[in-house]
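K.L.:
If you scroll down you'll find the structure; I have some questions about it.
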Amino acid sequence: MDAADAPIHIEGLSKSFGAVQAVSDLSFQVDPGRVTGFLGPNGAGKSTTLRMLLGLVLKDSGEASFGGRSYEQLPHPSSQVGAVLEDASFHPGRSGRNHLRILATAGEHPSGRVDEVLEQVGLTDAADRRVKGYSMGMRQRLAIAAALLGDPEVLILDEPANGLDPPGIRWMRDLLRAQAGRGRAVLVSSHLLSEVAQSVDDVVIIAHGRLRASGPLEEVLGGSGGAVTRVRSADDQRLAAALREAGMTVDLQASGALIARGTAPAVVGEVAAAHGVALIELVGVSRSLEDAFFELTGGGE
Amino acid sequence: MSALLRAELIKLRTTRTFLALAGVAVGTSLLLALLVSLLTQPTEDSVLNDVFTSDTSGLFILILAVVGITGEWRHRTITSSLLAAPDRLRFLAAKTVAFAAAGLALSLLISVAVAITGIVVLSARDLPTPELGELVEQIGRNAIVAMLLGALGVGLGALVRNQVVAIVGVLVIALIVEPTVLALKPEVGRWGPFTLPNAVAGIPEEDAGFGGGVESPAAGVAAVAMLAWIGAFYAAGATLLRRRDLD
């Protein structure tokens with residue numbers, strides 16, 4: 001698939017608000033059948049990026065498209081893209097069902113879809129109550145119901161777990177996985193790293209409006225140098241020399257363990273065996289998403 | 001466009017604000033018609049203007065339209081509206097047509113109710129009533145005024161995001177600024193967007209607050225001038241809407 005025809009394709013996207021550069025030369029894509037986590041600290045530019053993608057914020061430069069078309073150019077936008085934005089709002093005096101009726105009518109979706117999505121998000125019993133009586137979690141479910149009305153090929157969710165209780169978060173995770181399982185492309189921004197780590201296939205990490213990393217989760221967790229191996233041996237100095245001779249980057253930790261970067265445990269084991277060094281410990285080290293996030297975004301900035 | 005229009009009409013019907021204000025419009029119009037029919041002695045020449053122009057739908061649909069468009073910002077429903085209809089000009093056009101249609105429906109309901117009330121009371125008092133043709137023409141004029149003011153309200157509301165500021169601003173211009181200009185400079189004031197509807201409705205100059213013996217424009221000319229105002233406000237509102245970031 002041509003990158004520009006990907007379900008979501010962003011290329012060189014930039015936006016400033018006055019003197020503040022919110023998003024700068026951002027590029028990434030989201031593939032079908034995968035859940036992509038869009039991560040970054042508060043103020044990193046995630047929501048601005050999503051709003052530019054959806055045509056709600058006007059971009060300064062760059063491209064943001066769905067299958068090669070901007071959101072405004074999509075012939076039936078809500079049938080192709082469903083979006084849940086962080087501050088999803090509703091007229092407080094209108095019922096949840098009527099909110100969906102309006103969107104179904106504007107999007108030319110069958111009226112029966114309203115009941116279907118209400119059932120899907122578990123709001124059937126509350127459908128005829130006015131939205132001002134809804135809890136935050138119910139509002140979030142209503143926003144998700146609106147996004148699902150057109151059974152779209154692409155789902156965009158900005159902090160979808162906000163307001164959901166633990167069962168709701170699990171329901172959300174299952175929903176995202178189910179959508180990806182049906183071949184949908186799902187882009188989900190979140191600050192709940194542990195939640196994202198359980199749900200996503202790919203991640204895009206940004207900070208200060210700039211891309212810091214993107215790719216499959218395992219690849220990003222492996223760090224820029226690839227796999228990391230921790231090894232203890234009967235003769236650390238000799239093993240370190242052997243590993244460096246084999247072209248590996250090796251650090252000796254204060255605890256006495258060696259950290260070999262850019263190589264897998266099996267390769268380290270082969271080198272040790274070739275040099276007759278007895279091993280005491282040999283493990284692959286993977287970063288947590290939180291470690292990767294803080295490393296890539298500059299910690300607590 | 002028809003889907004967007006239908007969606008806008010559902011929006012209108014599914015909030016209490018519209019139903020409440022429409023109810024007040026019906027109530028005030030009928031009360032006015034009833035009081036004038038009961039308490040005055042209209043002549044054959046004055047009865048049409050005295051009793052059968054008491055349709056207040058124009059004022060209420062104007063306010064409802066301003067509330068409708070500014071409510072999109074107040075309740076932040078503009079985001080979901082523009083996700084469903086990313087072409088902002090079509091969205092604004094659909095809302096404009098929806099409020100014009102709502103004005104038409106509300107005015108027809110009120111004008112017919114006023115006509116029935118007026119004729120029943122006047123006949124009971126053995127006072128003159130208008131010819132059927134005159135009455136139908138007046139109902140048509142009232143309906144056109146309500147349609148124009150509904151459309152005008154959307155254009156005006158699109159210029160100001162703050163709902164309270166928009167409503168107060170419209171009322172100040174309609175009830176204070178324009179009448180003042182009309183009294184002091186009637187040759188200018190007669191072209192104001194809140195004065196022209198009087199000409200469309202056929203309200204005589206002396207009842208419309210004209211000073212200096214200046215005449216109203218003909219009804220057709222006034223309607224065209226109103227359309228020009230609507231076009232100007234729509235263009236200005238659409239330009240602002242297209243440039244705004246929904247952040």
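Every chain in the structure tokens takes a letter, A first, then B, and so on in the order presented; its residues are numbered from 1, and the ligands are numbered from 1 following the presented order.
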Pick out the residues sitting within 7 Å of Thr43 (chain B), and hand them over as a count of residues only; count only C-alpha atoms, and ignore anything fewer than 3 positions along from it in its own chain.
P.N.:
3
K.L.:
What are the residues of chain A lining chain B at 8 Å or less? Count only C-alpha atoms, and put the answer as a PyMOL selection string.
P.N.:
chain A and resi 48+51+54-58+71-72+77-78+88-94+98+101-103+105-108
K.L.:
Which residues, written as an mmCIF file with N, CA, C and O atoms, in the first residue's frame, have at least one atom at most 12 Å from Gly183 (chain A), with only C-alpha atoms counted and residues fewer than 3 positions away on the same chain left out?
P.N.:
data_model
loop_
_atom_site.group_PDB
_atom_site.id
_atom_site.type_symbol
_atom_site.label_atom_id
_atom_site.label_comp_id
_atom_site.auth_asym_id
_atom_site.auth_seq_id
_atom_site.Cartn_x
_atom_site.Cartn_y
_atom_site.Cartn_z
ATOM 1 N N PRO A 7 -4.779 4.144 5.783
ATOM 2 C CA PRO A 7 -6.027 4.633 6.415
ATOM 3 C C PRO A 7 -5.859 5.996 7.061
ATOM 4 O O PRO A 7 -6.740 6.848 6.959
ATOM 5 N N VAL A 30 -1.018 5.198 10.157
ATOM 6 C CA VAL A 30 -1.708 4.151 10.909
ATOM 7 C C VAL A 30 -2.197 3.111 9.906
ATOM 8 O O VAL A 30 -2.813 3.466 8.893
ATOM 9 N N ASP A 31 -1.900 1.868 10.194
ATOM 10 C CA ASP A 31 -2.230 0.796 9.258
ATOM 11 C C ASP A 31 -3.534 0.096 9.629
ATOM 12 O O ASP A 31 -3.926 0.103 10.796
ATOM 13 N N PRO A 32 -4.160 -0.549 8.646
ATOM 14 C CA PRO A 32 -5.418 -1.256 8.933
ATOM 15 C C PRO A 32 -5.166 -2.472 9.806
ATOM 16 O O PRO A 32 -4.099 -3.068 9.763
ATOM 17 N N GLY A 33 -6.173 -2.810 10.610
ATOM 18 C CA GLY A 33 -6.077 -4.011 11.435
ATOM 19 C C GLY A 33 -5.160 -3.864 12.625
ATOM 20 O O GLY A 33 -4.794 -4.855 13.262
ATOM 21 N N ARG A 34 -4.780 -2.629 12.942
ATOM 22 C CA ARG A 34 -3.858 -2.413 14.074
ATOM 23 C C ARG A 34 -4.360 -1.274 14.946
ATOM 24 O O ARG A 34 -4.984 -0.332 14.462
ATOM 25 N N VAL A 35 -4.081 -1.406 16.231
ATOM 26 C CA VAL A 35 -4.376 -0.329 17.169
ATOM 27 C C VAL A 35 -3.071 0.438 17.394
ATOM 28 O O VAL A 35 -2.069 -0.161 17.787
ATOM 29 N N ASP A 151 -20.262 2.731 11.340
ATOM 30 C CA ASP A 151 -19.424 1.535 11.257
ATOM 31 C C ASP A 151 -18.174 1.848 10.424
ATOM 32 O O ASP A 151 -17.901 1.200 9.408
ATOM 33 N N PRO A 152 -17.382 2.842 10.862
ATOM 34 C CA PRO A 152 -16.313 3.375 10.018
ATOM 35 C C PRO A 152 -15.079 2.475 9.933
ATOM 36 O O PRO A 152 -14.846 1.649 10.814
ATOM 37 N N GLU A 153 -14.318 2.694 8.872
ATOM 38 C CA GLU A 153 -13.087 1.942 8.650
ATOM 39 C C GLU A 153 -11.959 2.433 9.556
ATOM 40 O O GLU A 153 -10.987 1.727 9.778
ATOM 41 N N VAL A 154 -12.094 3.664 10.022
ATOM 42 C CA VAL A 154 -11.052 4.283 10.850
ATOM 43 C C VAL A 154 -11.698 4.807 12.126
ATOM 44 O O VAL A 154 -12.746 5.453 12.073
ATOM 45 N N LEU A 155 -11.062 4.520 13.256
ATOM 46 C CA LEU A 155 -11.540 5.067 14.537
ATOM 47 C C LEU A 155 -10.432 5.906 15.154
ATOM 48 O O LEU A 155 -9.275 5.474 15.217
ATOM 49 N N LEU A 176 -11.625 -1.826 21.178
ATOM 50 C CA LEU A 176 -10.552 -1.433 20.259
ATOM 51 C C LEU A 176 -9.949 -2.652 19.578
ATOM 52 O O LEU A 176 -9.713 -2.651 18.367
ATOM 53 N N ARG A 177 -9.719 -3.705 20.392
ATOM 54 C CA ARG A 177 -9.131 -4.923 19.812
ATOM 55 C C ARG A 177 -10.090 -5.539 18.793
ATOM 56 O O ARG A 177 -9.681 -6.026 17.750
ATOM 57 N N ALA A 178 -11.385 -5.517 19.121
ATOM 58 C CA ALA A 178 -12.380 -6.097 18.210
ATOM 59 C C ALA A 178 -12.426 -5.308 16.897
ATOM 60 O O ALA A 178 -12.518 -5.894 15.814
ATOM 61 N N GLN A 179 -12.339 -3.994 16.992
ATOM 62 C CA GLN A 179 -12.365 -3.176 15.784
ATOM 63 C C GLN A 179 -11.136 -3.472 14.921
ATOM 64 O O GLN A 179 -11.238 -3.611 13.701
ATOM 65 N N ALA A 180 -9.988 -3.552 15.565
ATOM 66 C CA ALA A 180 -8.771 -3.876 14.809
ATOM 67 C C ALA A 180 -8.874 -5.275 14.211
ATOM 68 O O ALA A 180 -8.442 -5.516 13.075
ATOM 69 N N VAL A 186 -7.187 1.824 14.034
ATOM 70 C CA VAL A 186 -7.584 2.508 15.272
ATOM 71 C C VAL A 186 -6.410 3.349 15.775
ATOM 72 O O VAL A 186 -5.312 2.836 15.954
#
K.L.:
Mind checking which residues fall within 10 Å of Leu159 (chain B), counting only C-alpha atoms, ignoring those fewer than 6 positions away in the same chain, and posting them as a list in words?
P.N.:
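Near Leu159 (chain B), the qualifying residues are Val66, Ile69, Thr70, Ala166, Phe233, Tyr234, Ala235, Ala236, Gly237, Ala238, Thr239, Leu240 and Leu241 of chain B.
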K.L.:
DSSP says strand (DSSP E) for which residues of region 3-213 of chain A? Put them as number ranges by chain?
P.N.:
A: 8-17, 20-30, 35-39, 61-65, 81-84, 154-158, 185-189, 202-207, 210-213
K.L.:
As a PyMOL selection string, please: the residues near Ile167 (chain B) (cut-off 9 Å, only C-alpha atoms, same-chain neighbours under 5 positions excluded).
P.N.:
chain B and resi 63+66-67+157+162+172
K.L.:
Could you please take those selected residues and save N, CA and C atoms as a PDB file, in the first residue's frame?
P.N.:
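Saved the output as out_31.pdb:
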ATOM      1  N   ILE B  63     -34.753  35.385  17.797  1.00  0.00           N
ATOM      2  CA  ILE B  63     -34.033  35.019  19.021  1.00  0.00           C
ATOM      3  C   ILE B  63     -33.676  33.528  19.002  1.00  0.00           C
ATOM      4  N   VAL B  66     -30.670  32.946  16.800  1.00  0.00           N
ATOM      5  CA  VAL B  66     -29.423  33.375  17.450  1.00  0.00           C
ATOM      6  C   VAL B  66     -29.033  32.350  18.520  1.00  0.00           C
ATOM      7  N   VAL B  67     -30.027  31.905  19.305  1.00  0.00           N
ATOM      8  CA  VAL B  67     -29.764  30.890  20.335  1.00  0.00           C
ATOM      9  C   VAL B  67     -29.279  29.589  19.674  1.00  0.00           C
ATOM     10  N   GLY B 157     -25.998  35.447  14.444  1.00  0.00           N
ATOM     11  CA  GLY B 157     -25.428  34.603  15.495  1.00  0.00           C
ATOM     12  C   GLY B 157     -24.086  34.014  15.106  1.00  0.00           C
ATOM     13  N   ASN B 162     -20.349  34.180  21.707  1.00  0.00           N
ATOM     14  CA  ASN B 162     -20.956  34.255  23.049  1.00  0.00           C
ATOM     15  C   ASN B 162     -22.466  34.461  22.934  1.00  0.00           C
ATOM     16  N   VAL B 172     -30.623  44.980  21.435  1.00  0.00           N
ATOM     17  CA  VAL B 172     -30.261  46.406  21.514  1.00  0.00           C
ATOM     18  C   VAL B 172     -30.367  47.057  20.133  1.00  0.00           C
TER      19      VAL B 172
END
K.L.:
Which residues are near region 227-236 of chain A? Cut-off 12 Å, only C-alpha atoms, ignore same chain within fewer than 4 positions. Put them as number ranges by chain.
P.N.:
A: 218-223, 240-243, 248-269, 271-273, 275-287
K.L.:
Give me the residues near Ile116 (chain B) as a list of chain:residue names, where near means some atom within 12 Å (using only C-alpha atoms) and where sequence neighbours in that chain fewer than 6 positions away do not count.
P.N.:
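Near neighbours after the sequence-gap exclusion: B:Leu30, B:Ala33, B:Leu34, B:Ser37, B:Val51, B:Phe52, B:Leu109, B:Ile110, B:Leu122, B:Ser123, B:Thr129, B:Pro130, B:Leu132, B:Leu135, B:Val136, B:Ile139.
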